[in-house]
>>> print(open('run-v8.tsv').read())   # TSV, C-alpha atoms
chain	number	residue	atom	x	y	z
A	1	MET	CA	173.93	280.63	-18.61
A	2	LEU	CA	170.43	279.69	-19.68
A	3	PRO	CA	169.50	279.74	-23.36
A	4	ALA	CA	167.19	282.48	-24.56
A	5	SER	CA	163.50	281.92	-24.12
A	6	SER	CA	161.73	280.46	-27.14
A	7	THR	CA	158.10	279.77	-27.79
A	8	THR	CA	159.14	276.53	-29.49
A	9	ASP	CA	161.05	275.36	-26.41
A	10	PRO	CA	158.53	274.96	-23.56
A	11	THR	CA	161.06	273.53	-21.09
A	12	VAL	CA	163.35	276.53	-21.47
A	13	ASP	CA	160.35	278.84	-21.22
A	14	LEU	CA	159.31	277.16	-17.98
A	15	ILE	CA	162.81	277.46	-16.48
A	16	GLU	CA	163.05	281.10	-17.56
A	17	GLN	CA	159.66	281.82	-15.98
A	18	ARG	CA	160.79	280.31	-12.70
A	19	ARG	CA	164.05	282.24	-12.84
A	20	VAL	CA	162.16	285.52	-13.20
A	21	GLU	CA	159.83	284.56	-10.36
A	22	CYS	CA	162.87	283.70	-8.26
A	23	ASN	CA	164.50	287.08	-8.89
A	24	ASP	CA	161.25	288.89	-8.05
A	25	SER	CA	160.70	287.06	-4.78
A	26	LEU	CA	164.26	286.43	-3.63
A	27	HIS	CA	164.94	287.68	-0.09
A	28	ASN	CA	161.32	288.88	0.23
A	29	ILE	CA	159.23	285.72	0.63
A	30	LEU	CA	159.81	283.13	3.34
A	31	THR	CA	158.92	279.76	1.81
A	32	GLU	CA	157.85	276.70	3.78
A	33	TYR	CA	161.34	275.25	3.27
A	34	GLU	CA	163.24	278.38	4.32
A	35	LYS	CA	164.36	278.91	7.91
A	36	PRO	CA	164.48	282.38	9.48
A	37	ILE	CA	168.08	283.56	9.66
A	38	ASP	CA	170.04	286.02	11.75
A	39	LYS	CA	171.63	288.38	9.25
A	40	THR	CA	174.01	289.72	11.89
A	41	LEU	CA	175.78	286.37	11.52
A	42	PRO	CA	177.40	284.97	8.36
A	43	TYR	CA	174.90	283.62	5.82
A	44	CYS	CA	174.66	282.73	2.14
A	45	LYS	CA	172.52	284.97	-0.03
A	46	GLY	CA	169.66	283.39	-1.95
A	47	THR	CA	170.49	282.40	-5.51
A	48	TRP	CA	169.13	280.84	-8.69
A	49	ASP	CA	171.27	277.87	-9.79
A	50	GLY	CA	169.52	277.24	-13.12
A	51	TRP	CA	166.96	274.78	-11.76
A	52	LEU	CA	165.80	275.93	-8.33
A	53	CYS	CA	165.53	279.14	-6.37
A	54	TRP	CA	167.58	278.73	-3.18
A	55	PRO	CA	166.70	280.95	-0.18
A	56	ASP	CA	169.02	282.81	2.18
A	57	THR	CA	170.68	280.21	4.40
A	58	GLN	CA	172.56	280.53	7.67
A	59	ALA	CA	176.26	279.67	7.55
A	60	ASP	CA	177.19	276.02	8.22
A	61	GLU	CA	173.64	274.84	7.41
A	62	TYR	CA	171.87	273.07	4.55
A	63	ALA	CA	169.02	274.42	2.47
A	64	PHE	CA	166.48	271.85	1.24
A	65	LEU	CA	164.05	272.15	-1.68
A	66	PRO	CA	161.80	269.64	-3.52
A	67	CYS	CA	163.44	268.19	-6.63
A	68	PRO	CA	162.45	269.96	-9.88
A	69	ASP	CA	159.56	268.42	-11.76
A	70	PHE	CA	160.91	269.11	-15.26
A	71	ILE	CA	163.98	266.86	-15.09
A	72	ALA	CA	163.48	263.33	-16.41
A	73	GLY	CA	164.24	260.66	-13.81
A	74	PHE	CA	163.87	262.95	-10.78
A	75	ASP	CA	161.49	261.99	-8.00
A	76	VAL	CA	159.54	265.13	-7.03
A	77	ALA	CA	158.84	263.63	-3.61
A	78	ARG	CA	162.56	263.80	-2.80
A	79	PHE	CA	164.67	266.83	-1.81
A	80	ALA	CA	167.79	268.42	-3.24
A	81	HIS	CA	170.10	270.30	-0.89
A	82	LYS	CA	172.71	273.07	-0.98
A	83	TYR	CA	175.34	273.69	1.69
A	84	CYS	CA	176.29	277.08	3.06
A	85	GLU	CA	179.85	276.97	4.34
A	86	PRO	CA	180.91	278.54	7.67
A	87	ASP	CA	182.32	281.63	5.93
A	88	GLY	CA	178.93	282.45	4.38
A	89	GLU	CA	179.75	281.20	0.87
A	90	TRP	CA	177.91	278.49	-1.02
A	91	PHE	CA	179.78	275.20	-1.30
A	92	ARG	CA	181.97	274.89	-4.40
A	93	HIS	CA	182.56	271.56	-6.09
A	94	PRO	CA	186.29	270.70	-5.85
A	95	SER	CA	186.52	269.46	-9.47
A	96	THR	CA	184.98	272.60	-11.06
A	97	ASN	CA	185.44	275.23	-8.32
A	98	LYS	CA	181.87	276.38	-9.06
A	99	THR	CA	178.97	276.66	-6.64
A	100	TRP	CA	177.18	273.32	-6.57
A	101	SER	CA	173.76	272.06	-5.56
A	102	ASN	CA	173.36	268.38	-4.72
A	103	TYR	CA	170.67	266.83	-6.93
A	104	THR	CA	171.97	263.27	-6.63
A	105	THR	CA	169.44	262.62	-3.89
A	106	CYS	CA	166.64	263.29	-6.40
A	107	VAL	CA	167.25	259.93	-8.06
A	108	ASN	CA	165.68	256.84	-6.51
A	109	VAL	CA	168.49	254.36	-7.13
A	110	ASP	CA	166.30	251.27	-6.71
A	111	GLU	CA	163.66	252.74	-9.02
A	112	PHE	CA	166.35	253.78	-11.49
A	113	GLU	CA	167.84	250.28	-11.64
A	114	TRP	CA	164.43	248.72	-12.15
A	115	ARG	CA	163.58	251.20	-14.92
A	116	ARG	CA	166.88	250.39	-16.58
A	117	GLN	CA	166.04	246.68	-16.54
A	118	VAL	CA	162.64	247.37	-18.10
A	119	THR	CA	164.31	249.51	-20.77
A	120	LEU	CA	166.74	246.65	-21.47
A	121	ILE	CA	163.78	244.29	-22.00
A	122	TYR	CA	162.25	246.76	-24.46
A	123	GLU	CA	165.50	247.24	-26.39
A	124	THR	CA	166.19	243.49	-26.54
A	125	GLY	CA	162.65	242.65	-27.59
A	126	TYR	CA	162.46	245.35	-30.26
A	127	SER	CA	165.87	244.35	-31.64
A	128	ILE	CA	164.95	240.66	-31.92
A	129	SER	CA	161.54	241.51	-33.36
A	130	LEU	CA	163.08	243.88	-35.92
A	131	ILE	CA	165.51	241.20	-37.11
A	132	ALA	CA	162.67	238.66	-37.40
A	133	ILE	CA	160.43	241.12	-39.25
A	134	LEU	CA	163.17	242.08	-41.72
A	135	ILE	CA	163.91	238.40	-42.44
A	136	SER	CA	160.19	237.81	-42.97
A	137	LEU	CA	159.93	240.73	-45.36
A	138	GLY	CA	162.94	239.43	-47.28
A	139	ILE	CA	161.32	236.00	-47.61
A	140	LEU	CA	157.94	237.38	-48.67
A	141	PHE	CA	159.46	239.71	-51.27
A	142	TYR	CA	161.72	236.93	-52.58
A	143	PHE	CA	158.73	234.66	-53.18
A	144	ARG	CA	156.34	237.47	-54.07
A	145	SER	CA	155.78	236.17	-57.61
A	146	SER	CA	154.75	232.78	-56.21
A	147	LEU	CA	152.72	234.13	-53.28
A	148	LYS	CA	150.26	236.28	-55.19
A	149	CYS	CA	147.31	236.54	-52.81
A	150	ALA	CA	145.59	239.28	-50.87
A	151	ARG	CA	146.46	237.83	-47.49
A	152	ILE	CA	150.21	237.99	-48.19
A	153	THR	CA	149.83	241.62	-49.30
A	154	LEU	CA	148.24	242.45	-45.96
A	155	HIS	CA	151.00	240.59	-44.13
A	156	ILE	CA	153.65	242.63	-45.95
A	157	ASN	CA	152.00	245.92	-44.96
A	158	LEU	CA	151.70	244.75	-41.38
A	159	PHE	CA	155.38	243.73	-41.32
A	160	VAL	CA	156.45	247.10	-42.74
A	161	SER	CA	154.46	248.84	-40.01
A	162	PHE	CA	156.10	246.73	-37.31
A	163	ALA	CA	159.58	247.20	-38.79
A	164	ALA	CA	159.19	250.99	-38.81
A	165	ASN	CA	157.74	251.05	-35.30
A	166	ASN	CA	160.43	248.82	-33.82
A	167	SER	CA	163.20	250.84	-35.50
A	168	LEU	CA	161.81	254.12	-34.17
A	169	TRP	CA	161.49	252.73	-30.65
A	170	LEU	CA	165.16	251.73	-30.71
A	171	ILE	CA	166.10	255.21	-31.95
A	172	TRP	CA	163.95	256.74	-29.19
A	173	TYR	CA	165.64	254.72	-26.45
A	174	ARG	CA	169.13	255.41	-27.77
A	175	THR	CA	168.91	259.09	-28.67
A	176	VAL	CA	166.22	260.48	-26.39
A	177	LEU	CA	165.47	258.40	-23.32
A	178	ASN	CA	169.13	257.90	-22.42
A	179	ASP	CA	170.03	261.57	-22.90
A	180	THR	CA	168.66	263.88	-20.20
A	181	GLU	CA	170.00	266.91	-22.04
A	182	VAL	CA	167.86	266.12	-25.09
A	183	ILE	CA	164.81	265.64	-22.84
A	184	SER	CA	165.42	268.88	-20.96
A	185	THR	CA	166.09	270.88	-24.14
A	186	ASN	CA	162.89	269.53	-25.67
A	187	GLY	CA	163.92	270.39	-29.21
A	188	PRO	CA	161.75	269.97	-32.32
A	189	TYR	CA	163.67	266.82	-33.32
A	190	CYS	CA	162.59	264.75	-30.33
A	191	ARG	CA	159.00	265.99	-30.52
A	192	LEU	CA	158.84	265.12	-34.23
A	193	LEU	CA	160.28	261.69	-33.42
A	194	HIS	CA	157.58	261.27	-30.77
A	195	ILE	CA	154.85	262.04	-33.34
A	196	ILE	CA	156.24	259.74	-36.06
A	197	LEU	CA	156.82	256.97	-33.52
A	198	HIS	CA	153.23	257.07	-32.33
A	199	TYR	CA	151.95	257.22	-35.90
A	200	PHE	CA	153.55	253.86	-36.65
A	201	LEU	CA	152.34	252.55	-33.31
A	202	LEU	CA	148.80	253.36	-34.47
A	203	THR	CA	149.46	251.71	-37.85
A	204	ASN	CA	150.30	248.48	-36.02
A	205	TYR	CA	146.81	248.39	-34.58
A	206	SER	CA	145.14	249.61	-37.77
A	207	TRP	CA	146.78	246.82	-39.76
A	208	MET	CA	145.83	244.32	-37.08
A	209	LEU	CA	142.27	245.51	-37.60
A	210	CYS	CA	142.66	245.17	-41.39
A	211	GLU	CA	143.86	241.58	-40.99
A	212	GLY	CA	140.89	240.72	-38.80
A	213	PHE	CA	138.39	242.50	-41.04
A	214	TYR	CA	139.77	240.79	-44.15
A	215	LEU	CA	139.52	237.29	-42.72
A	216	HIS	CA	136.05	238.03	-41.33
A	217	THR	CA	134.83	239.41	-44.68
A	218	VAL	CA	136.22	236.52	-46.72
A	219	LEU	CA	134.60	233.91	-44.48
A	220	VAL	CA	131.25	235.61	-43.93
A	221	SER	CA	130.67	237.19	-47.36
A	222	ALA	CA	130.53	234.65	-50.14
A	223	PHE	CA	130.74	237.12	-53.02
A	224	ILE	CA	133.29	239.90	-52.72
A	225	SER	CA	136.10	241.31	-54.83
A	226	GLU	CA	139.28	240.68	-52.87
A	227	LYS	CA	141.25	243.13	-55.01
A	228	LYS	CA	138.90	246.00	-54.20
A	229	LEU	CA	138.81	244.99	-50.56
A	230	VAL	CA	142.61	244.99	-50.30
A	231	LYS	CA	142.84	248.42	-51.97
A	232	TRP	CA	140.43	249.89	-49.44
A	233	LEU	CA	142.25	248.21	-46.56
A	234	ILE	CA	145.62	249.60	-47.73
A	235	VAL	CA	144.20	253.13	-47.75
A	236	THR	CA	142.54	252.62	-44.36
A	237	GLY	CA	145.58	250.98	-42.76
A	238	TRP	CA	147.87	253.94	-43.49
A	239	ALA	CA	145.47	256.91	-43.71
A	240	MET	CA	143.36	256.57	-40.57
A	241	PRO	CA	146.37	256.65	-38.19
A	242	ALA	CA	147.63	259.74	-40.05
A	243	VAL	CA	144.36	261.52	-39.34
A	244	MET	CA	144.44	260.62	-35.64
A	245	ILE	CA	148.10	261.52	-35.13
A	246	ASN	CA	147.59	264.92	-36.75
A	247	ILE	CA	144.66	265.65	-34.47
A	248	TYR	CA	146.76	264.59	-31.48
A	249	ALA	CA	149.78	266.69	-32.50
A	250	VAL	CA	147.75	269.84	-33.16
A	251	LEU	CA	145.79	269.57	-29.90
A	252	ARG	CA	148.85	268.87	-27.75
A	253	HIS	CA	150.97	271.59	-29.36
A	254	PHE	CA	148.42	274.39	-29.40
A	255	CYS	CA	146.09	273.47	-26.52
A	256	GLY	CA	148.44	271.71	-24.12
A	257	SER	CA	149.65	273.18	-20.85
A	258	ASP	CA	153.32	273.63	-19.96
A	259	THR	CA	153.49	270.11	-18.52
A	260	ASP	CA	152.01	268.67	-21.74
A	261	THR	CA	154.63	270.21	-24.01
A	262	ILE	CA	157.89	269.56	-22.11
A	263	GLN	CA	160.33	266.64	-22.03
A	264	CYS	CA	159.79	265.61	-25.66
A	265	TRP	CA	156.10	264.97	-24.89
A	266	MET	CA	157.05	261.76	-23.09
A	267	ASP	CA	154.87	262.46	-20.03
A	268	GLU	CA	151.28	261.32	-19.78
A	269	SER	CA	148.78	263.86	-21.07
A	270	PRO	CA	144.98	264.07	-21.38
A	271	PHE	CA	145.55	264.32	-25.14
A	272	ASN	CA	146.87	260.75	-25.13
A	273	ASN	CA	143.22	259.72	-25.15
A	274	VAL	CA	143.15	260.73	-28.82
A	275	LEU	CA	145.55	257.83	-29.42
A	276	VAL	CA	144.12	255.43	-26.85
A	277	ALA	CA	140.56	255.62	-28.22
A	278	PRO	CA	141.27	254.20	-31.73
A	279	VAL	CA	143.52	251.51	-30.23
A	280	CYS	CA	140.77	250.35	-27.87
A	281	ILE	CA	138.17	250.47	-30.64
A	282	SER	CA	140.48	248.44	-32.89
A	283	MET	CA	140.98	245.76	-30.23
A	284	LEU	CA	137.28	245.53	-29.44
A	285	LEU	CA	136.35	245.22	-33.12
A	286	ASN	CA	138.97	242.51	-33.59
A	287	LEU	CA	137.55	240.66	-30.61
A	288	LEU	CA	134.11	240.75	-32.24
A	289	PHE	CA	135.57	239.63	-35.57
A	290	LEU	CA	137.41	236.76	-33.92
A	291	CYS	CA	134.33	235.55	-32.04
A	292	ASN	CA	132.20	235.66	-35.19
A	293	ILE	CA	134.90	233.94	-37.27
A	294	VAL	CA	135.08	231.09	-34.78
A	295	ARG	CA	131.26	230.86	-34.78
A	296	VAL	CA	131.06	230.70	-38.58
A	297	VAL	CA	133.86	228.14	-38.87
A	298	LEU	CA	132.35	225.90	-36.20
A	299	LEU	CA	128.98	226.06	-37.95
A	300	LYS	CA	130.58	224.97	-41.21
A	301	LEU	CA	132.54	222.21	-39.50
A	302	LYS	CA	129.41	220.89	-37.79
A	303	ALA	CA	127.17	221.18	-40.85
A	304	PRO	CA	125.54	217.80	-41.72
A	305	ALA	CA	126.75	216.14	-44.88
A	306	GLY	CA	123.27	216.34	-46.35
A	307	ASN	CA	123.24	220.14	-46.01
A	308	SER	CA	126.80	220.89	-46.99
A	309	GLY	CA	127.17	218.19	-49.64
A	310	THR	CA	130.85	217.68	-48.86
A	311	ALA	CA	133.10	217.55	-45.82
A	312	PRO	CA	134.69	220.79	-44.66
A	313	SER	CA	137.11	221.97	-47.31
A	314	ARG	CA	140.80	222.47	-46.76
A	315	THR	CA	140.26	226.22	-47.07
A	316	ILE	CA	137.77	226.18	-44.22
A	317	LEU	CA	140.15	224.19	-42.02
A	318	GLN	CA	143.00	226.59	-42.80
A	319	ALA	CA	140.75	229.53	-41.95
A	320	PHE	CA	139.88	227.92	-38.64
A	321	ARG	CA	143.54	227.44	-37.82
A	322	ALA	CA	144.15	231.05	-38.88
A	323	THR	CA	141.64	232.24	-36.28
A	324	LEU	CA	143.65	230.50	-33.59
A	325	LEU	CA	146.86	232.10	-34.85
A	326	LEU	CA	145.07	235.46	-35.10
A	327	VAL	CA	144.87	235.90	-31.32
A	328	PRO	CA	148.45	237.12	-30.76
A	329	LEU	CA	148.35	239.06	-34.04
A	330	LEU	CA	145.34	241.14	-33.05
A	331	GLY	CA	146.85	242.14	-29.71
A	332	LEU	CA	143.95	240.89	-27.66
A	333	GLN	CA	146.28	240.35	-24.72
A	334	TYR	CA	146.20	244.12	-24.12
A	335	ILE	CA	142.52	243.91	-23.24
A	336	LEU	CA	143.54	242.05	-20.07
A	337	THR	CA	145.64	245.00	-18.87
A	338	PRO	CA	144.23	248.11	-20.53
A	339	PHE	CA	144.95	250.58	-17.76
A	340	ARG	CA	148.24	251.35	-16.09
A	341	PRO	CA	148.26	250.97	-12.26
A	342	PRO	CA	148.93	254.22	-10.39
A	343	PRO	CA	152.59	255.01	-9.57
A	344	GLY	CA	153.72	253.25	-6.42
A	345	SER	CA	151.07	250.55	-6.72
A	346	ALA	CA	152.03	247.01	-5.77
A	347	TYR	CA	151.16	245.91	-9.31
A	348	GLU	CA	153.06	248.64	-11.14
A	349	ARG	CA	156.26	246.67	-11.67
A	350	THR	CA	154.39	243.53	-12.69
A	351	TYR	CA	152.36	245.51	-15.20
A	352	GLU	CA	155.41	247.29	-16.63
A	353	THR	CA	157.37	244.03	-16.99
A	354	ILE	CA	154.49	242.22	-18.71
A	355	SER	CA	153.90	245.21	-20.99
A	356	ALA	CA	157.60	245.30	-21.91
A	357	PHE	CA	157.58	241.66	-23.00
A	358	THR	CA	154.23	241.70	-24.82
A	359	ALA	CA	154.89	244.97	-26.63
A	360	SER	CA	158.50	244.45	-27.67
A	361	PHE	CA	158.26	240.78	-28.69
A	362	GLN	CA	154.99	241.12	-30.58
A	363	GLY	CA	156.87	241.62	-33.84
A	364	LEU	CA	158.70	238.32	-33.31
A	365	CYS	CA	155.37	236.60	-32.64
A	366	VAL	CA	153.84	238.04	-35.83
A	367	ALA	CA	156.85	237.09	-37.96
A	368	THR	CA	156.89	233.54	-36.57
A	369	LEU	CA	153.19	232.84	-36.99
A	370	PHE	CA	152.64	234.53	-40.35
A	371	CYS	CA	155.91	233.82	-42.11
A	372	PHE	CA	158.17	231.25	-40.47
A	373	LEU	CA	155.22	228.89	-39.81
A	374	ASN	CA	153.14	229.92	-42.81
A	375	GLY	CA	152.32	226.81	-44.86
A	376	GLU	CA	152.44	228.62	-48.20
A	377	VAL	CA	155.83	230.15	-47.37
A	378	LEU	CA	157.24	226.85	-46.15
A	379	ALA	CA	156.03	225.13	-49.31
A	380	GLN	CA	157.86	227.70	-51.46
A	381	ILE	CA	161.04	227.31	-49.38
A	382	ARG	CA	160.92	223.50	-49.74
A	383	ARG	CA	160.24	223.79	-53.47
A	384	ARG	CA	163.12	226.23	-54.02
A	385	TRP	CA	165.75	225.04	-51.57
A	386	GLY	CA	164.56	221.65	-50.35
A	387	THR	CA	166.92	219.68	-52.56
A	388	VAL	CA	169.85	221.84	-51.46
A	389	PHE	CA	169.43	221.66	-47.69
A	390	PHE	CA	167.47	218.42	-47.40
A	391	ARG	CA	168.79	215.71	-49.72
A	392	PRO	CA	166.00	213.14	-50.12
A	393	ARG	CA	166.63	209.44	-49.90
A	394	ALA	CA	166.09	207.24	-52.92
A	395	ASN	CA	162.56	206.29	-51.90
A	396	SER	CA	161.63	209.56	-50.21
A	397	TYR	CA	159.50	210.71	-53.15
A	398	THR	CA	157.28	207.65	-52.86
A	399	ALA	CA	157.05	208.02	-49.09
A	400	THR	CA	156.05	211.65	-49.45
A	401	GLN	CA	153.37	210.78	-51.96
A	402	VAL	CA	151.93	208.04	-49.76
A	403	SER	CA	151.48	210.49	-46.92
A	404	PHE	CA	148.95	212.38	-49.05
A	405	VAL	CA	147.04	209.30	-50.31
A	406	ARG	CA	143.96	207.80	-48.75
A	407	TYR	CA	143.18	204.14	-49.60
A	408	SER	CA	139.68	202.76	-49.87
A	409	PRO	CA	138.11	199.67	-51.47
A	410	GLN	CA	138.83	200.02	-55.16
A	411	LYS	CA	139.64	198.17	-58.32
A	412	PRO	CA	143.13	196.76	-58.76
A	413	GLY	CA	145.50	199.42	-60.01
A	414	GLU	CA	143.23	202.33	-59.01
A	415	VAL	CA	144.45	204.87	-56.49
A	416	LYS	CA	141.95	207.26	-54.97
A	417	VAL	CA	143.40	210.64	-53.94
>>> encode(input="run-v8.tsv", output="C-alpha cells")
Amino acid sequence: MLPASSTTDPTVDLIEQRRVECNDSLHNILTEYEKPIDKTLPYCKGTWDGWLCWPDTQADEYAFLPCPDFIAGFDVARFAHKYCEPDGEWFRHPSTNKTWSNYTTCVNVDEFEWRRQVTLIYETGYSISLIAILISLGILFYFRSSLKCARITLHINLFVSFAANNSLWLIWYRTVLNDTEVISTNGPYCRLLHIILHYFLLTNYSWMLCEGFYLHTVLVSAFISEKKLVKWLIVTGWAMPAVMINIYAVLRHFCGSDTDTIQCWMDESPFNNVLVAPVCISMLLNLLFLCNIVRVVLLKLKAPAGNSGTAPSRTILQAFRATLLLVPLLGLQYILTPFRPPPGSAYERTYETISAFTASFQGLCVATLFCFLNGEVLAQIRRRWGTVFFRPRANSYTATQVSFVRYSPQKPGEVKV
C-alpha cells in the first residue's frame, strides 16, 4: 500500500499522481508498449504495481514498459517486464507468493559496478582527509598560544570547514546514497542534509577565497590592520555561503518542478547554478590573486639592491613559497574541468574518476601543505618534543648552529650572523 500523499513528499506525490492516471486510463488507452489482445482468450487484466501501470496482457506473454524515472540507479532507457501466466494470472514470486514485476533489468550492472568503485574512491578519500584534517586541528589548537598569527586563524577556519564537509559527505554516502528507500521516500531529513552539506561545500571555496585574499592584501598593501582584516574575512567566510544556500533552498523548494524536488534533491537541477556561480567566481578571483601575488613577489626578488636597500627578506621568500603551495589550496585544478561531460560520453568515466580523487583528497592536501609541512608548526613540534623523539648527539647543537651561520672576512673571534 502506498503512503498517503503529502505536499512535503514530492516523490510520493508523483507516484500517487501516476497511480490515479493509471486508474483513469486503464483498459481504455492503448499505449505504444501495449499489444492488442483477444479477450475471448485468457489474459491478465491491467494493474498498478506501485511503480508502473501495466496494460492488459495476453496469457503466456510478457508486458514491457520503460523503467521508472524516479528510482535511483534505474536506467530509463531500459525496460522492466511482467509475465502473464497461461491461466491468465500475473506471475507470483515463489518466495512471497505475491504478484511480481521484474525490475532487475533496469539496472545496468556494468554501470552499477563502476559507480560503486567511484563511490569507494570518494569514501576512502573523504575518510583519509577527515583524519588528516582532525589531526591538523589538534596540532594547531595545541600550539595555539605559540602560533598567534592571522594566517593560522584562517587555516583553522578552513580546516573546520573541510572537516564538516568531509564528515557530511561520509554521512550522505552511508545513510542516503546506499539506501534506495530513503531516496525514494524523499523525507525532510535527507533534504536538510543535502542543504547543510552544500553549505559547507560552499564554505570550502569561500575560505579558499579568504586565504587568497589575505595573502594578496598583506603582500600588496603595505599598511593594513591584520586584526580587522581577519574579522571581516571570518564574517565573509561563513556568512556569504549561508546567503547563497538559503537562496538555493528557497528557489528549489518553492519554484522547482517535480523532478527538482524528488530523490533528496540529488539530481541535477537548473537551480544548481545558484551554487555553481559563487564557486566559479571564487576560483577566478583566486586565479587573479595568485597571478598578481607571483608578479609582486618576482618584482621584489628582482629589485636592484640600490632600490630596495637590502636583499629580499625572509618574509618575502616565505610568501613566494606560499604562493606555490597555494595552488592546490585554492582549487584551481577545477578550472581545467569545470563542466561535466554528457552522460554516455567517452570522457564521462575519466572525468568522474579524476573528480573523485581531486575532491575527496583535497582535505589531505590542505592538511599536509598547511600543517604537516608548515615551518612554524614544525618548529613548535621540534621545540616541544624534539628532545623526546630525536635525541641529539653531543655536538649536534654546534652543528645546528653552524648551519645558520654565514662566514665572511672578519676580525678574529667575530662571527657574523
>>> atom_distance(input="run-v8.tsv", atom1="atom CA of Ala77 of chain A", atom2="atom CA of Trp265 of chain A")
21.5 Å
>>> closest_residue(input="run-v8.tsv", among="A:Asn165, A:Asn178, A:Thr203, A:Thr57", to="Leu130 of chain A", atoms="all atoms listed in the file")
A:Asn165
>>> closest_residue(input="run-v8.tsv", among="A:Asn186, A:Ser345, A:Asn108, A:Asn292", to="Thr259 of chain A", atoms="only C-alpha atoms")
A:Asn186
>>> residues_around(input="run-v8.tsv", residues="segment 188-192 of chain A", least_positions_apart="2", cutoff="12 Å", atoms="all atoms listed in the file", output="PyMOL selection string")
chain A and resi 6-11+168+171-177+179-186+194-199+245-246+249+252-253+260-267
>>> residues_around(input="run-v8.tsv", residues="Gln117 of chain A", least_positions_apart="5", cutoff="12 Å", atoms="all atoms listed in the file", output="ChimeraX atom specification")
/A:110-112,122-124,349,352-353,356-357
>>> atom_distance(input="run-v8.tsv", atom1="atom CA of Gln17 of chain A", atom2="atom CA of Phe70 of chain A")
12.8 Å
>>> closest_residue(input="run-v8.tsv", among="A:Val294, A:Ala132, A:Leu120, A:Ala80", to="Thr104 of chain A", atoms="all atoms listed in the file")
A:Ala80
>>> atom_distance(input="run-v8.tsv", atom1="atom CA of Met244 of chain A", atom2="atom CA of Leu287 of chain A")
21.7 Å
